[in-house]
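Peer 1: Below: one structure in structure tokens.
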Amino acid sequence: MKITLNRQKTELPGREEISVKSLLAEKKYVFPLIVVRINGRLVRKQEYAAALIRDGDTVDAFHLTSGG
Amino acid sequence: MRGFGECMTRDIPARSIKTADGFETGNTSHEWDLQALKKAHQVLAEHTYEKKAVDKGYAGRTLYVNLSSGEIREKAVTEEMKMQFTGGRGFGLKLMYESIKPTTRWDSEENELVLTSGSMNGTTQYSGSGKCHSLTVSPLTNIICDSNAGGYFAPYMKFAGFDALEIQGKASEDVVVFLDGLEGKVRIETAPLEETNTHLLGEQLTLLYAAEDTEASRQKVSVVSAGKAAETSFWGCLNLSFYDPRRKVARIKQHGRGGLGRVLRDKHIKAIVVRVDHFDGLSNNPVDPERIAEIGIKQHKENRDLDRSQSNMRTVGTAHLVEIMDAYDLMPIENYRFGTSPKSYKLYSPNFYPYLTQVIPDGCWFGCTMACAKTADGFELKTGPYAGQRVTVDGPEWETIGGSSNMGIFDPEQVLEFNFYCDTYGLDTISSATGTAFYMEMYEYGILSKERCDGLELCFGNFDAVMEFLHRMAAGDGAEFVQVASKGIRRVKDWLIANNWGDRQLIEDCGMENKGLEYSEYVTKESLAQQGGYGLTLKGAQHDEAWLIFMDMVNNAIPTFADKAEALHFFPMWRTWFSLTGLCKLPWNDVEPADNGETAEPAKVPEHLQNYADIFSAITGRSVTPEELVLQSERVYNWQRAMNVWMGRGRRKDDWAPFRSMGPVTELEYVSREERYDKQMTEKMGLDEAEVAAMGTTEKLQRHYEFRRDQYEKLTDAVYYRRGWTPNGVPTPAKMKELGFGKETKMLAMLQEVIDRDEAAGLNAWGGSYGKDEKPPTDEKKYWEKE
């Protein structure tokens with residue numbers, strides 16, 4: 001499947017869908033302060049395991065800034 | 001402890017120092033003959049002042065002390081001064097502009113050390129309200145460097161009666177400058193017998209100047225000191241104390257950046273001491289204390305409820321960043337060559353749990369529930385003059401840990417030992433680590449050697465050599481390498497090049513300094529915006545103006561030069577504001593409201609911006625919006641840039657950055673991330689895959705070099721334009737007038753003269769190479785001439 005992740009075309013070979021939780025793990029997005037939106041819809045943390053991303057979706061995994 | 005998940009969830013019992021009788025650090029105790037110390041003090045000058053209450057956040061006056069003449073006097077804070085410069089660092093810049101010359105250097109008689117407070121400083125109802133922001137002409141950069149630290153000094157200075165302390169001149173022998181808020185006196189006293197290193201001096205002076213032999217009295221004293229290494233090294237820092245009655249330790253926070261400690265010791269100041277009388281949560285005399293309490297309670301709840309899942313500051317402080325930076329390839333390894341290491345996990349924050357004692361509340365100012373000031377108590381030293389003694393180590397902060405990995409050190413105990421000795425010797429851990437990492441890389445390439453390093457085997461990971469270097473600096477070792485190396489990367493670059501010991505370009509590219517200040521500890525190669533966040537700064541390569549790596553590199557939220565320039569306008573202007581009001585940046589965005597992600601601009605943390613506007617209004621009675629706070633900063637930011645220009649810097653050439661901050665310098669670096677860099681050649685540089693495949697690594701490196709350098713120049717063009725500066729980086733008179741500096745005719749005339757000179761020299765030109773499909777920030781010719 002192909003998605004747009006953080007404004008970049010991203011291929012996820014061999015998948016037809018992926019949960020937010022799995023996507024974050026696959027991309028190694030371990031930062032705790034991440035806001036996820038699928039096609040503009042906010043996904044809350046408790047929904048990460050159930051919320052599914054499908055081919056063609058636009059996903060924002062917006063890392064908020066701390067540190068620095 | 002290899003996985004990030006383990007770091008956030010592993011339940012490691014806190015180390016406790018609680019006993020049946022209270023708390024016991026296990027530290028080595030000292031017996032001081034305080035009477036003898038006191039008897040040796042001779043009063044050189046004294047000034048009596050009228051004790052007055054703070055009014056709406058301002059003491060209403062600053063204090064001037066001249067160590068050469070003994071003059072001590074008060075200066076009024078006018079309403080115009082508050083409107084133009086707001087307070088804190090703004091006041092410091094104004095005071096320095098009126099007292100130094102464009103030719104003033106760090107060791108000039110007229111150079112000043114200015115310590116400031118701020119209108120919100122000393123608030124106890126909102127976290128992070130105890131920061132001191134200080135300034136001097138830096139030995140590293142020859143321009144004004146500001147640095148900030150927690151501890152009790154700044155609020156105590158204000159409650160003792162002054163918004164800022166301005167010290168000029170030099171004493172002929174070691175002195176203490178004593179600001180006594182109890183008696184309403186300021187004294188310059190000789191201090192011949194006290195120790196110099198901070199962990200001992202801070203203890204002695206806290207005991208000596210406490211009004212009574214009680215914990216409560218000791219808590220009302222704060223000491224500013226440096227240490228033996230600050231007597232020679234340009235990395236000299238200031239330590240600001242806050243006495244902890246549970247540990248019975250004068251703990252410290254550091255003004256690390258820019259060599260303020262070197263200036264302190266050059267002035268023969270052993271310490272600056274402040275003592276206060278009564279103070280409480282209303283000592284700022286705010287106009288609306290209920291409103292402040294209301295906002296504060298909400299923010300305290302966020303810290304209590306959200307910190308564990310967001311940052312973990314209350315457990316490990318900024319050390320929580322280690323595992324994050326490592327996961328995103330941002331942790332500096334071996335002089336920023338790499339962003340992660342197979343050994344990094346050894347420094348993940350839970351590996352510091354066994355050393356950090358948890359005694360909540362652990363803030364460095366009263367009422368701060370972020371409570372990120374951590375300590376390792378009873379830590380047994382292995383090296384140096386205090387080997388075998390047990391001490392309290394304040395920290396380690398992320399920067400000290402990142403600095404350690406930068407030197408190839410991956411042992412928590414070694415990090416703590418390095419941390420302790422830097423602090424007590426009065427050395428900035430960031431510059432010391434970044435500088436040493438550069439020397440290590442030069443050693444690896446044979447540009448430096450054991451012989452050229454006066455016997456030091458500065459290989460990556462050689463902890464013994466690092467500690468020997470520190471101890472020799474503190475001992476005043478006169479060997480050539482120790483002398484030059486202690487002055488920082490810029491001097492070492494010049495020394496290596498002058499001796500013709502290595503390739504000039506390699507030396508310039510690898511040494512991570514900007515304007516003479518060593519970089520702090522983030523790898524920036526894949527974030528153009530953060531390259532600007534370090535390079536396009538007022539004082540040099542410190543991340544306190546902007547931290548844009550995630551926004552740029554991961555989120556891709558600022559893809560164009562104009563987007564990046566907007567971020568490099570807003571964030572530096574916003575973050576400057578903390579230094580005008582005596583605040584800490586951390587409570588702004590290290591713990592955020594639970595619904596922050598749902599706001600339109602979560603990176604700005606809009607609710608917290610509003611909190612700050614509301615509290616500023618509630619303290620001062622001046623009703624302001626968040627936008628007006630940014631305007632306050634913009635005034636001061638441009639004023640400081642104008643002062644840089646006045647001092648002969650503050651131009652495009654001064655915003656130059658070493659290539660290591662922009663991309664791979666060596667083949668080893670390229671090969672370590674070959675897939676990434678090859679992909680960038682097709683996706684960003686427009687080359688086709690066959691062309692890239694046919695290239696050798698040397699050619700690929702050259703292509704990256706040319707492309708990335710040009711990207712940095714284009715970013716610089718966009719940022720200067722956004723900030724209202726000429727293409728050579730000079731604030732225009734029109735911009736300064738717009739900001740309210742129309743009456744500053746001398747400053748405006750100076751800026752115009754520089755702009756005219758640049759014009760004659762052809763320097764008012766864009767730095768980027770713009771192709772046929774690209775455009776510079778504006779087509780308007782000579783836009784800087786517009787009134």
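FYI, nothing fancy with the structure tokens labels: chains A, B, ... in order, residues from 1 per chain, ligands from 1 as they appear.
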Taking only residues of chain B that have an atom at most 10 Å from an atom of chain A, what is each one's shortest atom pair and its distance in Å to one decimal, using only C-alpha atoms, in chain and number order, as CSV?
Peer 2:
residue,atom,partner,partner_atom,distance
B:Gly3,CA,A:Val30,CA,9.9
B:Phe4,CA,A:Val30,CA,6.9
B:Gly5,CA,A:Val30,CA,7.9
B:Met8,CA,A:Pro32,CA,9.1
B:Arg308,CA,A:Pro32,CA,9.9
B:Ser309,CA,A:Pro32,CA,6.9
B:Gln310,CA,A:Pro32,CA,5.5
B:Ser311,CA,A:Pro32,CA,7.4
B:Thr318,CA,A:Gly67,CA,7.2
B:Ala319,CA,A:Gly67,CA,9.7
B:His320,CA,A:Gly67,CA,9.0
B:Leu321,CA,A:Gly67,CA,6.9
B:Glu323,CA,A:Val30,CA,9.0
B:Ile324,CA,A:Phe31,CA,6.1
B:Met325,CA,A:Phe31,CA,9.1
B:Ala327,CA,A:Lys28,CA,7.2
B:Tyr328,CA,A:Lys28,CA,8.0
B:Trp398,CA,A:Gly67,CA,8.8
B:Glu399,CA,A:Gly68,CA,9.4
B:Ser520,CA,A:Gly68,CA,9.5
B:Glu521,CA,A:Gly68,CA,9.4
B:Tyr522,CA,A:Gly68,CA,8.8
B:Gln542,CA,A:Gly68,CA,9.3
B:His543,CA,A:Gly68,CA,5.9
B:Asp544,CA,A:Gly68,CA,6.5
B:Glu545,CA,A:Gly68,CA,8.9
B:Ala546,CA,A:Gly68,CA,7.5
B:Trp547,CA,A:Gly68,CA,5.4
B:Leu548,CA,A:Thr65,CA,7.6
B:Ile549,CA,A:Thr65,CA,8.5
B:Phe550,CA,A:His63,CA,6.0
B:Met551,CA,A:His63,CA,6.8
B:Asp552,CA,A:His63,CA,9.9
B:Met553,CA,A:Asn6,CA,9.8
B:Val554,CA,A:Asn6,CA,7.3
B:Asn555,CA,A:Asn6,CA,5.2
B:Asn556,CA,A:Asn6,CA,5.9
B:Ala557,CA,A:Asn6,CA,7.5
B:Pro559,CA,A:Arg7,CA,9.2
B:Lys585,CA,A:Gly68,CA,9.1
B:Leu586,CA,A:Gly67,CA,7.6
B:Pro587,CA,A:Ser66,CA,9.6
B:Trp588,CA,A:Ser66,CA,8.8
B:Asn589,CA,A:Ser66,CA,5.5
B:Asp590,CA,A:Ser66,CA,4.6
B:Val591,CA,A:Ser66,CA,7.8
B:Glu592,CA,A:Leu33,CA,8.8
B:Asp595,CA,A:Val35,CA,9.9
B:Asn596,CA,A:Val35,CA,9.0
B:Gly597,CA,A:Val35,CA,5.6
B:Glu598,CA,A:Leu42,CA,7.4
B:Glu601,CA,A:Leu64,CA,10.0
B:Pro602,CA,A:Leu64,CA,6.9
B:Ala603,CA,A:Leu64,CA,5.6
B:Lys604,CA,A:Thr65,CA,8.7
B:Val605,CA,A:Leu64,CA,9.0
Peer 1: Can you pull out every residue within 9 Å of Val20 of chain A, counting only C-alpha atoms, but drop anything in the same chain fewer than 6 positions away, and send it as a list in words?
Peer 2: Val36, Val43, Glu47, Tyr48, Ala49, Ala50, Ala51, Leu52 and Ile53 of chain A
Peer 1: Which residues come within 7 Å of Asp288 of chain B, counting only C-alpha atoms, excluding same-chain residues fewer than 4 positions away, as a ChimeraX atom specification?
Peer 2: /B:292,618-619
Peer 1: Could you write out, as a ChimeraX atom specification, all the residues of segment 504-611 of chain B that DSSP marks as alpha helix (DSSP H)?
Peer 2: /B:504-510,528-535,549,561-581,586-589,606-611
Peer 1: Write to file, as a compact mmCIF listing (two decimals), in the first residue's frame, the residues of the selection just made, with C-alpha atoms.
Peer 2:
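Written output follows (out.txt):
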# COMPACT_ATOMS: atom_id res chain seq x y z
CA ARG B 504 42.45 23.68 6.41
CA GLN B 505 39.09 22.70 4.95
CA LEU B 506 38.89 19.51 6.99
CA ILE B 507 39.75 21.37 10.17
CA GLU B 508 37.20 24.11 9.50
CA ASP B 509 34.48 21.61 8.55
CA CYS B 510 34.92 19.34 11.58
CA LEU B 528 18.22 22.62 7.36
CA ALA B 529 16.01 24.69 9.63
CA GLN B 530 17.99 23.64 12.69
CA GLN B 531 21.24 24.38 10.90
CA GLY B 532 19.85 27.90 10.81
CA GLY B 533 18.64 27.45 14.40
CA TYR B 534 22.29 27.19 15.37
CA GLY B 535 24.02 29.36 12.77
CA ILE B 549 14.47 19.32 14.10
CA PHE B 561 12.62 28.37 2.57
CA ALA B 562 9.85 30.83 3.42
CA ASP B 563 8.32 28.29 5.85
CA LYS B 564 11.64 27.68 7.53
CA ALA B 565 12.29 31.42 7.69
CA GLU B 566 8.92 31.96 9.35
CA ALA B 567 9.85 29.34 11.98
CA LEU B 568 13.25 30.99 12.38
CA HIS B 569 11.45 34.23 12.99
CA PHE B 570 8.72 33.12 15.37
CA PHE B 571 10.60 30.69 17.60
CA PRO B 572 13.71 32.81 18.29
CA MET B 573 11.50 35.82 18.94
CA TRP B 574 9.22 33.84 21.23
CA ARG B 575 11.96 32.06 23.11
CA THR B 576 13.85 35.32 23.66
CA TRP B 577 10.87 36.42 25.73
CA PHE B 578 11.72 33.99 28.54
CA SER B 579 14.99 35.86 29.00
CA LEU B 580 13.19 39.21 29.28
CA THR B 581 10.98 38.10 32.11
CA LEU B 586 10.93 24.11 29.86
CA PRO B 587 7.37 24.52 31.25
CA TRP B 588 6.31 26.06 27.93
CA ASN B 589 6.58 22.88 25.88
CA PRO B 606 -1.14 28.17 22.24
CA GLU B 607 -2.68 27.64 25.69
CA HIS B 608 0.67 28.19 27.35
CA LEU B 609 1.34 31.30 25.25
CA GLN B 610 -1.94 32.63 26.56
CA ASN B 611 -0.93 31.68 30.12
Peer 1: Please determine, counting only C-alpha atoms, which residue among B:Asp464, B:Glu31, B:Glu699, B:Asp779 has the shortest atom-to-atom distance to Gln204 of chain B.
Peer 2: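 That would be B:Glu31, the residue with the smallest distance to Gln204 of chain B.
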Peer 1: Counting only C-alpha atoms, which of A:Lys45, A:Leu24, A:Asn39, A:Asp55 gets nearest to Glu11 of chain A?
Peer 2: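 Using only C-alpha atoms, the shortest distance to Glu11 of chain A belongs to A:Asp55.
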Peer 1: In terms of the shortest atom-to-atom distance over only C-alpha atoms, which of A:Met1, A:Gly40, A:Glu26, A:Arg54 is closest to Gly14 of chain A?
Peer 2: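 Closest to Gly14 of chain A of all the choices is A:Met1.
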Peer 1: Excluding segment 392-396 of chain B and residues on its chain fewer than 2 positions from it, collect all residues at most 7 Å away from it, counting only C-alpha atoms, and give them as an mmCIF file with N, CA and C atoms, in the first residue's frame.
Peer 2:
data_model
loop_
_atom_site.group_PDB
_atom_site.id
_atom_site.type_symbol
_atom_site.label_atom_id
_atom_site.label_comp_id
_atom_site.auth_asym_id
_atom_site.auth_seq_id
_atom_site.Cartn_x
_atom_site.Cartn_y
_atom_site.Cartn_z
ATOM 1 N N ASN B 27 27.431 12.286 51.697
ATOM 2 C CA ASN B 27 28.552 13.083 51.195
ATOM 3 C C ASN B 27 29.650 13.241 52.237
ATOM 4 N N ARG B 251 23.248 23.392 46.342
ATOM 5 C CA ARG B 251 23.183 22.850 44.974
ATOM 6 C C ARG B 251 23.352 23.982 43.960
ATOM 7 N N ILE B 252 23.578 23.609 42.720
ATOM 8 C CA ILE B 252 23.908 24.642 41.727
ATOM 9 C C ILE B 252 23.234 24.410 40.375
ATOM 10 N N ALA B 319 17.519 14.392 31.080
ATOM 11 C CA ALA B 319 18.150 13.123 30.660
ATOM 12 C C ALA B 319 17.159 12.228 29.921
ATOM 13 N N ALA B 373 15.285 19.392 38.421
ATOM 14 C CA ALA B 373 16.657 19.527 38.916
ATOM 15 C C ALA B 373 17.041 18.271 39.695
ATOM 16 N N LYS B 374 17.784 17.404 39.066
ATOM 17 C CA LYS B 374 18.109 16.113 39.682
ATOM 18 C C LYS B 374 19.522 16.106 40.241
ATOM 19 N N THR B 375 19.764 15.230 41.201
ATOM 20 C CA THR B 375 21.118 15.106 41.730
ATOM 21 C C THR B 375 21.463 13.649 41.978
ATOM 22 N N ALA B 376 22.759 13.365 41.827
ATOM 23 C CA ALA B 376 23.309 12.112 42.319
ATOM 24 C C ALA B 376 24.016 12.461 43.622
ATOM 25 N N ASP B 377 23.520 11.950 44.724
ATOM 26 C CA ASP B 377 24.114 12.258 46.028
ATOM 27 C C ASP B 377 25.058 11.135 46.455
ATOM 28 N N GLY B 378 26.029 11.501 47.259
ATOM 29 C CA GLY B 378 26.965 10.513 47.779
ATOM 30 C C GLY B 378 27.769 9.831 46.680
ATOM 31 N N PHE B 379 27.999 10.546 45.590
ATOM 32 C CA PHE B 379 28.727 9.961 44.456
ATOM 33 C C PHE B 379 30.225 9.980 44.749
ATOM 34 N N TRP B 398 20.675 16.497 29.772
ATOM 35 C CA TRP B 398 20.835 15.864 28.470
ATOM 36 C C TRP B 398 22.135 16.320 27.803
ATOM 37 N N THR B 400 24.949 17.248 28.904
ATOM 38 C CA THR B 400 26.179 16.659 29.441
ATOM 39 C C THR B 400 26.291 15.204 29.011
ATOM 40 N N ILE B 401 25.167 14.523 28.946
ATOM 41 C CA ILE B 401 25.191 13.128 28.500
ATOM 42 C C ILE B 401 25.501 13.076 27.000
ATOM 43 N N LEU B 416 28.935 11.239 35.169
ATOM 44 C CA LEU B 416 28.759 11.961 36.435
ATOM 45 C C LEU B 416 30.076 12.576 36.910
ATOM 46 N N ASN B 419 30.768 15.551 34.753
ATOM 47 C CA ASN B 419 29.791 16.568 35.127
ATOM 48 C C ASN B 419 30.240 17.299 36.400
ATOM 49 N N PHE B 420 30.603 16.521 37.412
ATOM 50 C CA PHE B 420 30.982 17.123 38.698
ATOM 51 C C PHE B 420 32.190 18.043 38.548
#
